[in-house]
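**Q** Just so it is clear, I am handing over model-v1.txt, which has compact mmCIF, N, CA and C atoms.
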```txt
# COMPACT_ATOMS: atom_id res chain seq x y z
N MET A 1 101.12 110.90 110.71
CA MET A 1 100.39 110.30 109.62
C MET A 1 100.85 108.86 109.41
N PHE A 2 99.90 108.00 109.18
CA PHE A 2 100.18 106.60 108.89
C PHE A 2 100.38 106.43 107.39
N ILE A 3 101.19 105.47 107.00
CA ILE A 3 101.37 105.14 105.59
C ILE A 3 100.66 103.82 105.34
N LEU A 4 99.78 103.83 104.34
CA LEU A 4 98.99 102.65 104.00
C LEU A 4 99.35 102.18 102.59
N GLY A 5 99.22 100.88 102.38
CA GLY A 5 99.44 100.30 101.07
C GLY A 5 98.16 100.31 100.25
N ARG A 6 98.15 99.59 99.12
CA ARG A 6 96.95 99.50 98.29
C ARG A 6 95.85 98.73 99.00
N HIS A 7 96.23 97.74 99.79
CA HIS A 7 95.30 96.94 100.59
C HIS A 7 95.80 96.91 102.03
N GLU A 8 94.87 96.85 102.96
CA GLU A 8 95.22 96.73 104.38
C GLU A 8 94.19 95.85 105.08
N TRP A 9 94.60 95.20 106.19
CA TRP A 9 93.68 94.39 107.00
C TRP A 9 92.98 95.30 107.99
N ILE A 10 91.65 95.14 108.10
CA ILE A 10 90.88 95.93 109.06
C ILE A 10 89.96 95.03 109.87
N LEU A 11 89.56 95.54 111.02
CA LEU A 11 88.49 94.96 111.83
C LEU A 11 87.34 95.94 111.79
N LEU A 12 86.12 95.43 111.60
CA LEU A 12 84.92 96.28 111.54
C LEU A 12 84.01 95.98 112.71
N ALA A 13 83.47 97.05 113.30
CA ALA A 13 82.47 96.94 114.36
C ALA A 13 82.93 95.94 115.40
N SER A 14 82.06 95.00 115.74
CA SER A 14 82.40 94.02 116.78
C SER A 14 82.95 92.73 116.21
N SER A 15 83.25 92.71 114.93
CA SER A 15 83.73 91.50 114.28
C SER A 15 85.12 91.12 114.78
N THR A 16 85.36 89.83 114.84
CA THR A 16 86.69 89.34 115.19
C THR A 16 87.41 88.81 113.95
N GLU A 17 86.77 88.95 112.79
CA GLU A 17 87.38 88.54 111.53
C GLU A 17 88.06 89.74 110.87
N TYR A 18 89.22 89.49 110.31
CA TYR A 18 89.90 90.53 109.55
C TYR A 18 89.34 90.57 108.14
N PHE A 19 89.20 91.79 107.62
CA PHE A 19 88.74 91.99 106.26
C PHE A 19 89.85 92.70 105.48
N ALA A 20 90.07 92.28 104.25
CA ALA A 20 91.00 92.98 103.38
C ALA A 20 90.26 94.18 102.78
N ALA A 21 90.82 95.36 102.95
CA ALA A 21 90.20 96.57 102.42
C ALA A 21 91.10 97.18 101.36
N TYR A 22 90.48 97.65 100.29
CA TYR A 22 91.19 98.37 99.23
C TYR A 22 91.23 99.84 99.61
N ILE A 23 92.39 100.45 99.53
CA ILE A 23 92.54 101.85 99.88
C ILE A 23 92.43 102.67 98.60
N ASP A 24 91.45 103.59 98.55
CA ASP A 24 91.20 104.38 97.35
C ASP A 24 91.07 105.86 97.72
N PRO A 25 92.17 106.60 97.73
CA PRO A 25 92.12 108.01 98.12
C PRO A 25 91.32 108.89 97.15
N VAL A 26 91.01 108.38 95.96
CA VAL A 26 90.23 109.15 94.98
C VAL A 26 88.74 109.08 95.28
N SER A 27 88.30 108.00 95.91
CA SER A 27 86.89 107.83 96.26
C SER A 27 86.56 108.71 97.46
N THR A 28 85.50 109.49 97.36
CA THR A 28 85.11 110.38 98.44
C THR A 28 84.65 109.60 99.66
N ASN A 29 83.82 108.57 99.43
CA ASN A 29 83.24 107.80 100.53
C ASN A 29 83.83 106.41 100.63
N SER A 30 83.88 105.91 101.86
CA SER A 30 84.21 104.50 102.06
C SER A 30 82.94 103.72 101.80
N ARG A 31 83.08 102.46 101.37
CA ARG A 31 81.89 101.67 101.06
C ARG A 31 82.13 100.19 101.32
N ILE A 32 81.03 99.49 101.55
CA ILE A 32 81.08 98.06 101.80
C ILE A 32 80.06 97.38 100.91
N GLY A 33 80.47 96.33 100.23
CA GLY A 33 79.56 95.48 99.48
C GLY A 33 78.97 94.45 100.42
N VAL A 34 77.66 94.42 100.53
CA VAL A 34 76.97 93.53 101.46
C VAL A 34 75.93 92.70 100.72
N SER A 35 75.35 91.74 101.42
CA SER A 35 74.25 90.97 100.85
C SER A 35 73.05 91.05 101.78
N ASP A 36 71.88 90.72 101.25
CA ASP A 36 70.63 90.68 102.03
C ASP A 36 70.36 91.98 102.79
N LEU A 37 70.57 93.11 102.13
CA LEU A 37 70.34 94.42 102.75
C LEU A 37 68.85 94.68 102.87
N VAL A 38 68.40 94.96 104.10
CA VAL A 38 67.00 95.24 104.36
C VAL A 38 66.91 96.46 105.27
N GLU A 39 66.14 97.45 104.85
CA GLU A 39 65.91 98.62 105.69
C GLU A 39 64.65 98.40 106.50
N PHE A 40 64.65 98.87 107.76
CA PHE A 40 63.48 98.74 108.62
C PHE A 40 63.45 99.90 109.61
N GLU A 41 62.36 99.99 110.34
CA GLU A 41 62.20 101.07 111.31
C GLU A 41 62.22 100.49 112.71
N ARG A 42 62.94 101.16 113.61
CA ARG A 42 63.00 100.77 115.01
C ARG A 42 62.91 102.03 115.85
N ASP A 43 61.91 102.09 116.72
CA ASP A 43 61.70 103.25 117.59
C ASP A 43 61.65 104.56 116.81
N GLY A 44 61.01 104.53 115.64
CA GLY A 44 60.83 105.72 114.83
C GLY A 44 62.06 106.13 114.02
N LYS A 45 63.11 105.32 114.05
CA LYS A 45 64.33 105.64 113.31
C LYS A 45 64.58 104.59 112.24
N ASP A 46 65.27 105.01 111.18
CA ASP A 46 65.61 104.10 110.09
C ASP A 46 66.85 103.28 110.43
N TRP A 47 66.73 101.98 110.23
CA TRP A 47 67.82 101.04 110.48
C TRP A 47 68.03 100.19 109.24
N VAL A 48 69.14 99.47 109.24
CA VAL A 48 69.42 98.55 108.16
C VAL A 48 70.04 97.28 108.75
N LYS A 49 69.68 96.15 108.13
CA LYS A 49 70.38 94.92 108.48
C LYS A 49 70.94 94.35 107.19
N PHE A 50 72.07 93.68 107.32
CA PHE A 50 72.75 93.15 106.14
C PHE A 50 73.67 92.03 106.57
N LYS A 51 74.15 91.30 105.59
CA LYS A 51 75.13 90.25 105.84
C LYS A 51 76.45 90.65 105.20
N LEU A 52 77.50 90.37 105.94
CA LEU A 52 78.86 90.56 105.45
C LEU A 52 79.60 89.28 105.80
N LEU A 53 80.00 88.53 104.78
CA LEU A 53 80.61 87.22 104.97
C LEU A 53 79.76 86.32 105.87
N ASP A 54 78.49 86.26 105.57
CA ASP A 54 77.52 85.39 106.24
C ASP A 54 77.24 85.74 107.70
N LYS A 55 77.74 86.85 108.20
CA LYS A 55 77.40 87.30 109.55
C LYS A 55 76.43 88.48 109.42
N GLU A 56 75.36 88.47 110.21
CA GLU A 56 74.35 89.52 110.13
C GLU A 56 74.69 90.68 111.06
N TYR A 57 74.50 91.89 110.56
CA TYR A 57 74.74 93.12 111.32
C TYR A 57 73.50 94.00 111.24
N LYS A 58 73.26 94.81 112.29
CA LYS A 58 72.17 95.79 112.31
C LYS A 58 72.72 97.10 112.83
N PHE A 59 72.45 98.18 112.07
CA PHE A 59 72.93 99.51 112.45
C PHE A 59 71.90 100.57 112.08
N ALA A 60 71.93 101.66 112.82
CA ALA A 60 71.08 102.81 112.50
C ALA A 60 71.63 103.47 111.23
N ILE A 61 70.71 103.94 110.39
CA ILE A 61 71.11 104.66 109.16
C ILE A 61 71.34 106.12 109.52
N LEU A 62 72.50 106.64 109.17
CA LEU A 62 72.82 108.05 109.42
C LEU A 62 72.17 108.96 108.40
N GLU A 63 72.24 108.54 107.14
CA GLU A 63 71.69 109.31 106.03
C GLU A 63 71.65 108.39 104.81
N LYS A 64 71.13 108.92 103.72
CA LYS A 64 71.16 108.20 102.45
C LYS A 64 71.82 109.12 101.43
N VAL A 65 72.65 108.52 100.57
CA VAL A 65 73.37 109.30 99.57
C VAL A 65 73.19 108.69 98.19
N LYS A 66 73.23 109.55 97.18
CA LYS A 66 73.17 109.09 95.79
C LYS A 66 74.59 108.78 95.33
N VAL A 67 74.76 107.58 94.79
CA VAL A 67 76.02 107.18 94.19
C VAL A 67 75.65 106.68 92.79
N PRO A 68 75.59 107.59 91.81
CA PRO A 68 75.06 107.25 90.48
C PRO A 68 75.69 106.03 89.83
N GLU A 69 76.98 105.82 90.01
CA GLU A 69 77.62 104.67 89.36
C GLU A 69 77.32 103.35 90.07
N LYS A 70 76.72 103.40 91.27
CA LYS A 70 76.43 102.18 92.03
C LYS A 70 74.95 101.84 92.09
N SER A 71 74.06 102.86 92.05
CA SER A 71 72.63 102.60 92.18
C SER A 71 71.85 103.82 91.69
N ASP A 72 70.62 103.56 91.24
CA ASP A 72 69.78 104.68 90.81
C ASP A 72 68.94 105.23 91.95
N LYS A 73 69.03 104.63 93.14
CA LYS A 73 68.32 105.16 94.30
C LYS A 73 69.32 105.43 95.43
N PRO A 74 68.95 106.28 96.38
CA PRO A 74 69.88 106.59 97.47
C PRO A 74 70.26 105.35 98.28
N LEU A 75 71.51 105.30 98.70
CA LEU A 75 72.04 104.17 99.46
C LEU A 75 72.23 104.55 100.93
N PRO A 76 72.02 103.59 101.84
CA PRO A 76 72.17 103.90 103.27
C PRO A 76 73.64 104.06 103.66
N VAL A 77 73.84 104.94 104.64
CA VAL A 77 75.16 105.18 105.21
C VAL A 77 75.10 104.83 106.69
N VAL A 78 76.07 104.04 107.15
CA VAL A 78 76.16 103.68 108.56
C VAL A 78 77.55 104.05 109.08
N LYS A 79 77.65 104.18 110.39
CA LYS A 79 78.94 104.48 111.01
C LYS A 79 79.42 103.23 111.73
N LEU A 80 80.63 102.77 111.38
CA LEU A 80 81.20 101.56 111.97
C LEU A 80 82.57 101.83 112.56
N ARG A 81 82.81 101.27 113.74
CA ARG A 81 84.14 101.33 114.34
C ARG A 81 85.09 100.57 113.42
N THR A 82 86.19 101.19 113.04
CA THR A 82 87.15 100.59 112.11
C THR A 82 88.53 100.64 112.73
N LYS A 83 89.16 99.46 112.80
CA LYS A 83 90.52 99.37 113.32
C LYS A 83 91.44 98.93 112.19
N LEU A 84 92.50 99.70 112.01
CA LEU A 84 93.52 99.41 110.99
C LEU A 84 94.86 99.73 111.63
N GLY A 85 95.65 98.71 111.92
CA GLY A 85 96.91 98.95 112.63
C GLY A 85 96.62 99.63 113.94
N ASP A 86 97.22 100.80 114.17
CA ASP A 86 96.99 101.56 115.41
C ASP A 86 95.85 102.56 115.27
N ILE A 87 95.21 102.62 114.12
CA ILE A 87 94.08 103.53 113.91
C ILE A 87 92.82 102.86 114.43
N ASN A 88 92.02 103.59 115.19
CA ASN A 88 90.77 103.09 115.75
C ASN A 88 89.76 104.23 115.69
N GLU A 89 88.97 104.28 114.62
CA GLU A 89 88.07 105.40 114.37
C GLU A 89 86.68 104.91 113.98
N GLU A 90 85.67 105.76 114.19
CA GLU A 90 84.34 105.49 113.66
C GLU A 90 84.27 106.13 112.27
N ILE A 91 83.94 105.32 111.28
CA ILE A 91 83.96 105.77 109.89
C ILE A 91 82.59 105.55 109.26
N GLU A 92 82.17 106.47 108.42
CA GLU A 92 80.91 106.32 107.69
C GLU A 92 81.15 105.52 106.42
N TYR A 93 80.27 104.52 106.21
CA TYR A 93 80.35 103.65 105.04
C TYR A 93 79.02 103.68 104.29
N VAL A 94 79.10 103.74 102.96
CA VAL A 94 77.94 103.56 102.10
C VAL A 94 77.80 102.05 101.91
N LEU A 95 76.57 101.53 102.11
CA LEU A 95 76.32 100.10 101.93
C LEU A 95 75.79 99.84 100.53
N ILE A 96 76.41 98.90 99.83
CA ILE A 96 76.01 98.58 98.46
C ILE A 96 75.55 97.13 98.42
N ASN A 97 74.24 96.94 98.25
CA ASN A 97 73.69 95.59 98.21
C ASN A 97 74.15 94.87 96.95
N GLY A 98 74.69 93.70 97.13
CA GLY A 98 75.17 92.93 95.99
C GLY A 98 76.57 93.30 95.56
N GLY A 99 77.15 94.29 96.19
CA GLY A 99 78.52 94.66 95.88
C GLY A 99 79.47 93.69 96.57
N ASN A 100 80.75 93.87 96.32
CA ASN A 100 81.70 93.03 97.03
C ASN A 100 82.89 93.86 97.46
N GLY A 101 83.47 93.47 98.55
CA GLY A 101 84.67 94.13 99.04
C GLY A 101 84.41 95.36 99.89
N ILE A 102 85.48 95.82 100.47
CA ILE A 102 85.47 97.02 101.32
C ILE A 102 86.47 98.00 100.74
N VAL A 103 86.03 99.24 100.60
CA VAL A 103 86.89 100.30 100.08
C VAL A 103 86.97 101.40 101.14
N LEU A 104 88.19 101.76 101.49
CA LEU A 104 88.40 102.90 102.40
C LEU A 104 88.74 104.11 101.55
N GLY A 105 87.87 105.10 101.60
CA GLY A 105 88.03 106.28 100.77
C GLY A 105 88.63 107.45 101.51
N GLU A 106 88.49 108.61 100.90
CA GLU A 106 89.07 109.84 101.43
C GLU A 106 88.53 110.17 102.82
N ASN A 107 87.27 109.81 103.11
CA ASN A 107 86.73 110.12 104.43
C ASN A 107 87.44 109.34 105.54
N PHE A 108 88.10 108.23 105.21
CA PHE A 108 88.92 107.51 106.19
C PHE A 108 90.33 108.09 106.25
N LEU A 109 90.90 108.37 105.11
CA LEU A 109 92.29 108.82 105.04
C LEU A 109 92.51 110.22 105.59
N ARG A 110 91.51 111.07 105.44
CA ARG A 110 91.63 112.49 105.79
C ARG A 110 92.26 112.68 107.17
N ASP A 111 93.37 113.36 107.20
CA ASP A 111 94.09 113.72 108.42
C ASP A 111 94.67 112.54 109.18
N LEU A 112 94.54 111.31 108.67
CA LEU A 112 95.05 110.13 109.37
C LEU A 112 96.20 109.46 108.65
N ALA A 113 96.09 109.38 107.32
CA ALA A 113 97.03 108.53 106.59
C ALA A 113 97.24 109.02 105.16
N ILE A 114 98.32 108.53 104.58
CA ILE A 114 98.59 108.71 103.16
C ILE A 114 98.86 107.33 102.58
N GLN A 115 98.81 107.24 101.27
CA GLN A 115 98.96 105.94 100.64
C GLN A 115 100.26 105.84 99.85
N ASN A 116 100.91 104.67 99.96
CA ASN A 116 102.03 104.32 99.11
C ASN A 116 101.57 103.16 98.25
N ARG A 117 101.19 103.43 97.01
CA ARG A 117 100.57 102.43 96.13
C ARG A 117 101.54 101.32 95.68
N LYS A 118 102.81 101.45 96.01
CA LYS A 118 103.77 100.43 95.59
C LYS A 118 103.65 99.15 96.43
N TYR A 119 103.03 99.24 97.59
CA TYR A 119 103.02 98.11 98.53
C TYR A 119 101.61 97.75 98.97
N ASP A 120 101.46 96.53 99.46
CA ASP A 120 100.23 96.06 100.09
C ASP A 120 100.52 95.76 101.56
N TYR A 121 99.51 95.93 102.38
CA TYR A 121 99.56 95.52 103.79
C TYR A 121 100.80 96.04 104.53
N ILE A 122 100.94 97.35 104.55
CA ILE A 122 102.05 97.99 105.25
C ILE A 122 101.82 97.94 106.76
N GLN A 123 100.62 98.23 107.19
CA GLN A 123 100.30 98.24 108.62
C GLN A 123 100.05 96.81 109.10
N GLY A 124 100.45 96.53 110.31
CA GLY A 124 100.18 95.22 110.90
C GLY A 124 98.68 95.10 111.22
N ARG A 125 98.25 93.90 111.50
CA ARG A 125 96.84 93.67 111.86
C ARG A 125 96.55 94.31 113.22
N ALA A 126 95.38 94.96 113.30
CA ALA A 126 94.95 95.58 114.55
C ALA A 126 94.71 94.49 115.59
N LYS A 127 94.90 94.85 116.85
CA LYS A 127 94.63 93.90 117.93
C LYS A 127 93.13 93.79 118.13
N LYS A 128 92.67 92.55 118.31
CA LYS A 128 91.23 92.29 118.47
C LYS A 128 90.72 92.76 119.80
```
Just dump the structure as structure tokens.

**A**
Amino acid sequence: MFILGRHEWILLASSTEYFAAYIDPVSTNSRIGVSDLVEFERDGKDWVKFKLLDKEYKFAILEKVKVPEKSDKPLPVVKLRTKLGDINEEIEYVLINGGNGIVLGENFLRDLAIQNRKYDYIQGRAKK
């Protein structure tokens, strides 16, 4: 098991930029605050495009989930490769249009890591 602090540096998908992620073991789902979220159809499947720090991404939507405290309509869920220290996993994220920040929830921590809330950035930056 890995030990994580309150915040950790992560790499998402094919990005070469590090993102600071808040670790929240109480939150069931991991989530990302994005801008310019647009859903569209490609080859009969639902997709989404969005911006994260001014870079545009496109991913297939896995499902939609209700998050009452974030939106009154279902939000798209995508699966993104996530690197944190020596962890390299595909994780499902709920996309929140107009939100900010990245939260790693219980679906990331499960069977991989525990949190020590006394510290930040315990794990080193993942290799690009």

**Q** A:Lys55, A:Lys83, A:Lys70, A:Arg6: which is nearest Lys118 of chain A, counting only N, CA and C atoms?

**A**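 Ranking A:Lys55, A:Lys83, A:Lys70, A:Arg6 by distance to Lys118 of chain A, first place goes to A:Arg6.
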
**Q** Do you know which residues are at most 7 Å from Tyr22 of chain A counting only N, CA and C atoms, after dropping those on the same chain fewer than 2 positions away, and could you put them as an MDAnalysis selection string?

**A** chainID A and resid 5:8 20 24 101:105

**Q** Could you tell me, as number ranges by chain, which residues have any atom at most 8 Å from (81.6, 93.2, 101.4), counting only N, CA and C atoms?

**A** A: 31-35, 51-53, 96, 98-103

**Q** Mind checking which residues fall within 6 Å of Pro74 of chain A, counting only N, CA and C atoms, ignoring those fewer than 5 positions away in the same chain, and posting them as number ranges by chain?

**A** A: 64-67

**Q** Using Å and a single decimal, report how far atom N of Phe50 of chain A sits from atom N of Asp86 of chain A.

**A** 27.0 Å

**Q** Counting only C-alpha atoms, select every polymer residue within 12 Å of (101.9, 98.9, 107.2) as defined in the file's coordinates, and provide the selection as a PyMOL selection string.

**A** chain A and resi 1-10+84-87+113-126

**Q** Go ahead and write the residues just picked, N, CA and C atoms, as a compact mmCIF listing (two decimals), in the coordinates of the input.

**A**
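Output file selection37.txt is given in full below:
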```
# COMPACT_ATOMS: atom_id res chain seq x y z
N MET A 1 101.12 110.90 110.71
CA MET A 1 100.39 110.30 109.62
C MET A 1 100.85 108.86 109.41
N PHE A 2 99.90 108.00 109.18
CA PHE A 2 100.18 106.60 108.89
C PHE A 2 100.38 106.43 107.39
N ILE A 3 101.19 105.47 107.00
CA ILE A 3 101.37 105.14 105.59
C ILE A 3 100.66 103.82 105.34
N LEU A 4 99.78 103.83 104.34
CA LEU A 4 98.99 102.65 104.00
C LEU A 4 99.35 102.18 102.59
N GLY A 5 99.22 100.88 102.38
CA GLY A 5 99.44 100.30 101.07
C GLY A 5 98.16 100.31 100.25
N ARG A 6 98.15 99.59 99.12
CA ARG A 6 96.95 99.50 98.29
C ARG A 6 95.85 98.73 99.00
N HIS A 7 96.23 97.74 99.79
CA HIS A 7 95.30 96.94 100.59
C HIS A 7 95.80 96.91 102.03
N GLU A 8 94.87 96.85 102.96
CA GLU A 8 95.22 96.73 104.38
C GLU A 8 94.19 95.85 105.08
N TRP A 9 94.60 95.20 106.19
CA TRP A 9 93.68 94.39 107.00
C TRP A 9 92.98 95.30 107.99
N ILE A 10 91.65 95.14 108.10
CA ILE A 10 90.88 95.93 109.06
C ILE A 10 89.96 95.03 109.87
N LEU A 84 92.50 99.70 112.01
CA LEU A 84 93.52 99.41 110.99
C LEU A 84 94.86 99.73 111.63
N GLY A 85 95.65 98.71 111.92
CA GLY A 85 96.91 98.95 112.63
C GLY A 85 96.62 99.63 113.94
N ASP A 86 97.22 100.80 114.17
CA ASP A 86 96.99 101.56 115.41
C ASP A 86 95.85 102.56 115.27
N ILE A 87 95.21 102.62 114.12
CA ILE A 87 94.08 103.53 113.91
C ILE A 87 92.82 102.86 114.43
N ALA A 113 96.09 109.38 107.32
CA ALA A 113 97.03 108.53 106.59
C ALA A 113 97.24 109.02 105.16
N ILE A 114 98.32 108.53 104.58
CA ILE A 114 98.59 108.71 103.16
C ILE A 114 98.86 107.33 102.58
N GLN A 115 98.81 107.24 101.27
CA GLN A 115 98.96 105.94 100.64
C GLN A 115 100.26 105.84 99.85
N ASN A 116 100.91 104.67 99.96
CA ASN A 116 102.03 104.32 99.11
C ASN A 116 101.57 103.16 98.25
N ARG A 117 101.19 103.43 97.01
CA ARG A 117 100.57 102.43 96.13
C ARG A 117 101.54 101.32 95.68
N LYS A 118 102.81 101.45 96.01
CA LYS A 118 103.77 100.43 95.59
C LYS A 118 103.65 99.15 96.43
N TYR A 119 103.03 99.24 97.59
CA TYR A 119 103.02 98.11 98.53
C TYR A 119 101.61 97.75 98.97
N ASP A 120 101.46 96.53 99.46
CA ASP A 120 100.23 96.06 100.09
C ASP A 120 100.52 95.76 101.56
N TYR A 121 99.51 95.93 102.38
CA TYR A 121 99.56 95.52 103.79
C TYR A 121 100.80 96.04 104.53
N ILE A 122 100.94 97.35 104.55
CA ILE A 122 102.05 97.99 105.25
C ILE A 122 101.82 97.94 106.76
N GLN A 123 100.62 98.23 107.19
CA GLN A 123 100.30 98.24 108.62
C GLN A 123 100.05 96.81 109.10
N GLY A 124 100.45 96.53 110.31
CA GLY A 124 100.18 95.22 110.90
C GLY A 124 98.68 95.10 111.22
N ARG A 125 98.25 93.90 111.50
CA ARG A 125 96.84 93.67 111.86
C ARG A 125 96.55 94.31 113.22
N ALA A 126 95.38 94.96 113.30
CA ALA A 126 94.95 95.58 114.55
C ALA A 126 94.71 94.49 115.59
```

**Q** Considering all atoms listed in the file, can you say which of A:Pro25, A:Leu112, A:Glu90, A:Glu56 comes closest to Val78 of chain A?

**A** A:Glu90

**Q** If I take atom N of Lys58 of chain A and atom N of Asp111 of chain A, how far is one from the other in Å, to one decimal?

**A**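 One can read the atom N of Lys58 of chain A to atom N of Asp111 of chain A distance as 27.8 Å.
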
**Q** Taking the DSSP secondary structure from the backbone, can you list the residues of chain A that are alpha helix (DSSP H), as JSON, numbers by chain?

**A** {"A": [106, 107, 108, 109]}

**Q** For Glu63 of chain A, which residue out of A:Val26, A:Leu11, A:Val48, A:Val77 is the nearest one, using only C-alpha atoms?

**A**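 For Glu63 of chain A, the nearest of the given residues is A:Val77.
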